Structure formats: C-alpha cells, structure tokens
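The structure appears right after this line, and notes come after that.
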Amino acid sequence: MPPLRILHIHSTFSLGGKEARAVRLMNAWRGEAAHVVLSGVPGALSARDAIDPGIAVDFPSDHPPLTGRPSLLRYRALAAYMRGFDLVLTYNWGAMDAVMARRSFAPMLSLPPLIHHEDGFNDDETDGQKPGRIAFRRLALPAAAALVVPSERLEAIALGPWRQSRARVHRIANGIPVDRFGKDASRNAIPGLVRHPGEVVIGTVAGLRAVKNLPLLVRAFAASAAVGRLVIVGEGPERGAILAAAAKANVADRVLLPGFLPDPANYLGLFDIFALSSDSEQFPISLIEAMAAGLPVVATAVGDVAAMVDPANRPWLAAAGDEAGLAASFRRLAADGTLRQTLGAANAARARVAFGEERMIEAYRALYWGALGRARP
C-alpha cells in the first residue's frame with residue numbers, strides 16, 4: 001500500500017509541544033506516510049531539525065496564504081490545495097482558516113478528511129477566550145472529522161463553549177519515550193552551567209513568551225533565597241524581560257539562559273527541581289519529560305498540571321501568579337534532598353505508567369487511519 005499523503009497546517013512550526021508531538025509521530029511512522037508541512041508564520045520551521053533523516057517531508061513556500069482577512073477567494077485556494085492529499089491535519093487557532101476553507105468548499109470539491117488539533121491558546125487569550133474566536137470555531141469545526149485535544153480542560157471547552165459533539169472530540173494525552181529520560185546527563189550538556197557542592201539547580205524548558213511568565217519565576221527564585229542557580233532553557237521574545245527581572249532582583253549572576261537546546265533527555269538530569277510558572281498551559285510535554293527524568297516539580301496549577309504530577313507532588317503547586325507560593329516551595333525543596341528524591345521517584349513512576357509514547361502513537365494511528373476507513377498497517 002502506498003504511503004499516506006498527509007498535509008500538516010500549523011500556526012507555527014517552531015519547536016514547541018505540538019510540533020514535538022507531530023515530529024514524533026512522523027518519525028514513528030517512517031515509510032507509512034509522506035508529509036507536507038505549512039506554517040502560518042513564514043520561516044518558523046525550526047522543528048524540522050528534529051525530523052529523522054529519511055522521513056519523506058517537504059516544506060513548500062508556494063502555498064496559498066494561511067492567514068489574513070476572511071476571503072472566499074483565499075478559502076477556495078486553500079481548499080483546492082488540500083485536494084492533493086489523503087489527509088489534512090490542522091493545528092491551533094492559527095490554522096483555523098484552513099478548517100473554514102474546508103467547511104466552505106467541501107460540498108463543491110472532493111476534499112480529504114480533515115482532523116483539527118487544539119493544544120492551547122495564544123498569549124492574547126491568557127485571561128479568557130475571545131468571543132469572536134469561539135463563534136468562528138463553532139462555525140468551522142463541523143468540517144473536521146475529529147477534534148483532538150490533550151487535556152481535560154480543553155476537552156471541557158470543546159464540549160462546552162465550542163459546542164462540539166461528544167463523537168467528534170478525542171482526548172489523547174501527550175506521551176514521550178520515557179525510557180530515554182532519567183539517565184545521567186552529560187556534565188557539559190548545558191553551556192555555562194557549572195555546578196558547585198551544596199548548590200541546587202532549579203530549571204525549566206520553555207519558549208520565552210509572555211504566557212510562560214518567566215519574570216515571575218525569576219522573582220520567586222530570588223525570594224526563595226535558595227542557594228544555587230536558575231536555568232531557563234529556550235528562546236523567544238521575552239529574553240530581555242527575563243534578564244531585566246534578574247537584574248532587578250539582584251540574581252543576574254545566578255540566572256542562566258543558554259538558549260534553545262535540543263533533546264531535553266540529554267540535560268534534564270542536571271536539574272534538581274523542575275519549575276513551571278505559566279499563566280496558561282494545557283498538557284505540557286516539558287512537564288512529562290521532567291517527571292520521566294525523576295524531578296520534583298514546582299509549578300503553577302494551570303491546565304492539567306495538577307492531574308499530571310504524582311499526588312505526592314501536588315502540595316508543591318501554586319496558583320497562577322502566586323510568587324510567594326512558588327518561592328515557598330523552592331525554599332522547602334531546595335533544603336531537603338531526601339524529599340526531592342522521593343517526589344522525583346514518584347513522578348518518574350507515574351510518567352512510566354501514564355505517559356508512555358507507545359500509547360499516544362497507537363491512539364493517533366487509529367484515529368488518522370480510521371478517518372480514511374483504513375485498517376491500521
């Protein structure tokens with residue numbers, strides 16, 4: 001049987017949670033599918049570097065525009081572009097125009113099935129969804145054969161405000177290759193990090209975006225008076241704001257921003273505590289990776305975070321924006337190595353049971369191939 005021809009339409013293909021998952025699925029299926037990837041942000045394609053050599057994937061630039069003012073002419077061009085594929089996969093709000101294109105022109109054109117994925121909200125919806133986007137989703141999403149979400153919270157939103165049918169909504173938890181984590185990290189895996197006896201390293205992996213509220217993390221670290229370093233792995237527009245917060249809190253010499261580093265399995269073992277300070281999350285893959293690496297977690301209890309960590313770790317979570325709560329958790333865990341080991345072991349055990357990659361891959365395979373009426377290969 002020839003490989004499936006799959007069109008992926010992303011809001012951006014810069015490496016993040018949804019992009020990492022899409023890449024893992026591409027790599028898992030190898031010759032079973034050939035892929036074309038479009039990004040709503042031109043040039044935002046850094047996740048392509050994580051695709052294994054030999055995977056059939058193209059990144060054309062001559063596709064119809066994915067964003068802009070609603071236009072039947074643009075929607076028709078998008079719909080016509082889809083005709084060359086067996087399956088269309090769309091991701092997040094930035095790809096919603098493609099979903100509307102299918103809704104508008106499927107009756108006139110022979111179009112492949114479309115499956116839409118929602119992993120969270122843009123920075124401009126941290127405090128609540130925009131009514132116009134809710135209405136647009138209600139109108140467009142019936143064009144999708146399925147709507148996939150990773151979290152309980154997004155599932156409730158899809159069934160509630162977006163008014164999607166129970167049969168259309170599929171919750172598939174994110175998964176990772178847990179066995180790759182928890183191994184000894186290379187001492188030089190994080191450039192610039194030098195560990196000294198008695199110091200504790202608090203670390204996070206995140207895009208440096210406003211919704212991650214990393215200046216809050218810096219302030220909580222400073223307020224905790226923990227002896228050690230804060231390491232923030234990632235890149236993005238908030239780098240200056242993070243450095244300014246570190247300088248203002250007099251911890252600039254103890255805050256390290258090494259930039260983007262590939263393959264967290266190589267360096268998470270250098271952290272003693274994993275931190276997450278986001279104002280909004282759904283089902284963060286970085287959290288699963290940290291749990292699999294055997295780390296205790298100090299985080300804001302947003303999205304499904306509280307449901308993800310082991311129950312023993314839940315007292316160390318704080319409400320969104322709670323600087324004092326985060327600082328108190330850092331202070332206590334930094335002072336108690338035995339407690340860190342106990343919580344980390346509990347998180348690792350939960351990650352192995354609940355968040356293995358194989359379960360996720362098989363769930364997506366069944367959904368995608370099932371939308372085409374094909375049995376699993």
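Here's how to read the names in the structure tokens: chain A, B, ... by the order shown, residue numbers from 1 in each chain, ligand numbers from 1 in the order shown.
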
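Residues in contact with Ala241 (chain A) at up to 9 Å, not including ones fewer than 5 positions away on its chain and judged by only C-alpha atoms, are A:Leu214, A:Pro215, A:Ala246.
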
Please run DSSP on the backbone and report, as a ChimeraX atom specification, all residues within region 28-219 of chain A that come out as strand (DSSP E or B). /A:33-39,57-58,87-91,114-117,146-149,169-171,176,200-205

Report the residues of region 121-338 of chain A whose backbone DSSP state falls under helix (DSSP H, G or I), written as a ChimeraX atom specification. /A:123-125,131-143,152-159,178-180,210-212,214-224,239-248,252-254,264-266,268-270,285-292,305-308,311-316,323-334,337-338

Using only C-alpha atoms: which of A:Leu217, A:Ile242, A:Leu268, A:Leu295 has the shortest distance to Ala327 (chain A): A:Leu217

So, with only C-alpha atoms as the atoms that count, which of A:Leu333, A:Ala249, A:Ile285, A:Val205 lies closest to Ile232 (chain A)?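 So, comparing all the options, the nearest one is A:Val205.
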
If we count only C-alpha atoms and set the cut-off at 12 Å, which residues sit around Pro70 (chain A), ignoring sequence neighbours fewer than 3 positions away in its own chain? Please answer as a ChimeraX atom specification. /A:65-67,73-76,78,96-98,100-101,104,136

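Among the candidate residues A:Pro237, A:Gly31, A:Gly17, A:Gly207, the one lying nearest to Phe283 (chain A) is A:Gly17, with distances computed using only C-alpha atoms.
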
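Within the 9 Å cut-off around region 152-159 of chain A, using only C-alpha atoms and omitting residues fewer than 3 positions from it on the same chain, the listed residues are Glu118, Asp119, Gly120, Leu147, Val148, Val149, Trp162, Arg163, Gln164, Ser165, Arg166, Val169, His170, Arg171, Gln282, Phe283, Gly303 and Asp304 of chain A.
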
Region 175-181 of chain A surroundings by only C-alpha atoms, 9 Å radius, close-in-sequence under 4 positions cut, as a list in words: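 So the residues in contact are Arg21, Arg24, Pro264, Ala265, Asn266, Leu268, Gly269, Ile285, Ile288, Glu289, Ala290, Met291, Ala292, Ala293, Gly294, Ala348, Ala351, Arg352, Ala354, Phe355, Gly356, Glu357, Glu358, Arg359, Met360 and Ile361 of chain A.
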
Take the residues just selected and output them with N, CA and C atoms as a short mmCIF file (atom, residue, chain, number, x, y, z; two decimals), in the first residue's frame.
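Just written: part.cif:
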```cif
data_model
loop_
_atom_site.label_atom_id
_atom_site.label_comp_id
_atom_site.auth_asym_id
_atom_site.auth_seq_id
_atom_site.Cartn_x
_atom_site.Cartn_y
_atom_site.Cartn_z
N ARG A 21 5.37 16.80 19.22
CA ARG A 21 4.49 15.63 19.08
C ARG A 21 4.32 15.25 17.61
N ARG A 24 7.37 13.50 16.45
CA ARG A 24 7.49 12.14 16.96
C ARG A 24 6.60 11.18 16.18
N PRO A 264 15.87 17.31 25.44
CA PRO A 264 15.94 17.50 26.89
C PRO A 264 16.44 16.28 27.66
N ALA A 265 16.33 15.10 27.07
CA ALA A 265 16.83 13.90 27.77
C ALA A 265 18.32 14.02 28.06
N ASN A 266 19.01 14.84 27.29
CA ASN A 266 20.46 14.99 27.48
C ASN A 266 20.82 15.87 28.67
N LEU A 268 18.15 17.29 31.27
CA LEU A 268 17.24 17.46 32.41
C LEU A 268 17.82 16.87 33.69
N GLY A 269 18.68 15.87 33.56
CA GLY A 269 19.30 15.28 34.73
C GLY A 269 20.22 16.22 35.48
N ILE A 285 4.31 19.07 27.52
CA ILE A 285 5.22 17.95 27.31
C ILE A 285 6.47 18.10 28.16
N ILE A 288 6.03 16.39 31.42
CA ILE A 288 6.14 14.94 31.34
C ILE A 288 7.61 14.54 31.29
N GLU A 289 8.40 15.26 30.49
CA GLU A 289 9.82 14.95 30.37
C GLU A 289 10.53 15.10 31.72
N ALA A 290 10.20 16.16 32.44
CA ALA A 290 10.82 16.37 33.75
C ALA A 290 10.42 15.26 34.72
N MET A 291 9.17 14.85 34.70
CA MET A 291 8.72 13.75 35.56
C MET A 291 9.47 12.47 35.21
N ALA A 292 9.57 12.18 33.91
CA ALA A 292 10.27 10.97 33.48
C ALA A 292 11.74 11.00 33.89
N ALA A 293 12.31 12.20 33.97
CA ALA A 293 13.70 12.35 34.41
C ALA A 293 13.86 12.24 35.91
N GLY A 294 12.76 12.04 36.64
CA GLY A 294 12.83 11.85 38.07
C GLY A 294 12.98 13.12 38.87
N ALA A 348 8.49 9.95 38.37
CA ALA A 348 9.03 9.07 37.34
C ALA A 348 8.15 7.83 37.18
N ALA A 351 5.00 8.83 35.32
CA ALA A 351 5.26 9.07 33.90
C ALA A 351 5.36 7.75 33.13
N ARG A 352 6.01 6.75 33.72
CA ARG A 352 6.15 5.47 33.04
C ARG A 352 4.80 4.81 32.81
N ALA A 354 1.63 6.33 32.91
CA ALA A 354 0.56 7.12 32.28
C ALA A 354 0.93 7.81 30.99
N PHE A 355 2.22 8.08 30.75
CA PHE A 355 2.57 8.97 29.65
C PHE A 355 3.59 8.39 28.68
N GLY A 356 3.54 7.07 28.49
CA GLY A 356 4.43 6.45 27.52
C GLY A 356 4.06 6.81 26.10
N GLU A 357 5.05 6.89 25.26
CA GLU A 357 4.86 7.30 23.87
C GLU A 357 4.04 6.29 23.06
N GLU A 358 4.18 5.00 23.36
CA GLU A 358 3.55 3.98 22.54
C GLU A 358 2.03 4.12 22.53
N ARG A 359 1.47 4.40 23.71
CA ARG A 359 0.01 4.56 23.79
C ARG A 359 -0.46 5.74 22.94
N MET A 360 0.26 6.85 23.01
CA MET A 360 -0.10 8.02 22.22
C MET A 360 -0.01 7.73 20.72
N ILE A 361 1.07 7.11 20.30
CA ILE A 361 1.27 6.83 18.87
C ILE A 361 0.15 5.94 18.34
#
```

Using only C-alpha atoms, find the one residue out of A:Ser11, A:Asn174, A:Thr90, A:Ser280 that sits nearest to Tyr364 (chain A).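 Under the stated criterion, the closest residue is A:Asn174.
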
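Counting from CA of Thr338 (chain A), the distance to CA of Val200 (chain A) is 13.0 Å.
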
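For the pair CA of Leu114 (chain A) and CA of Ser151 (chain A), the separation is 20.6 Å.
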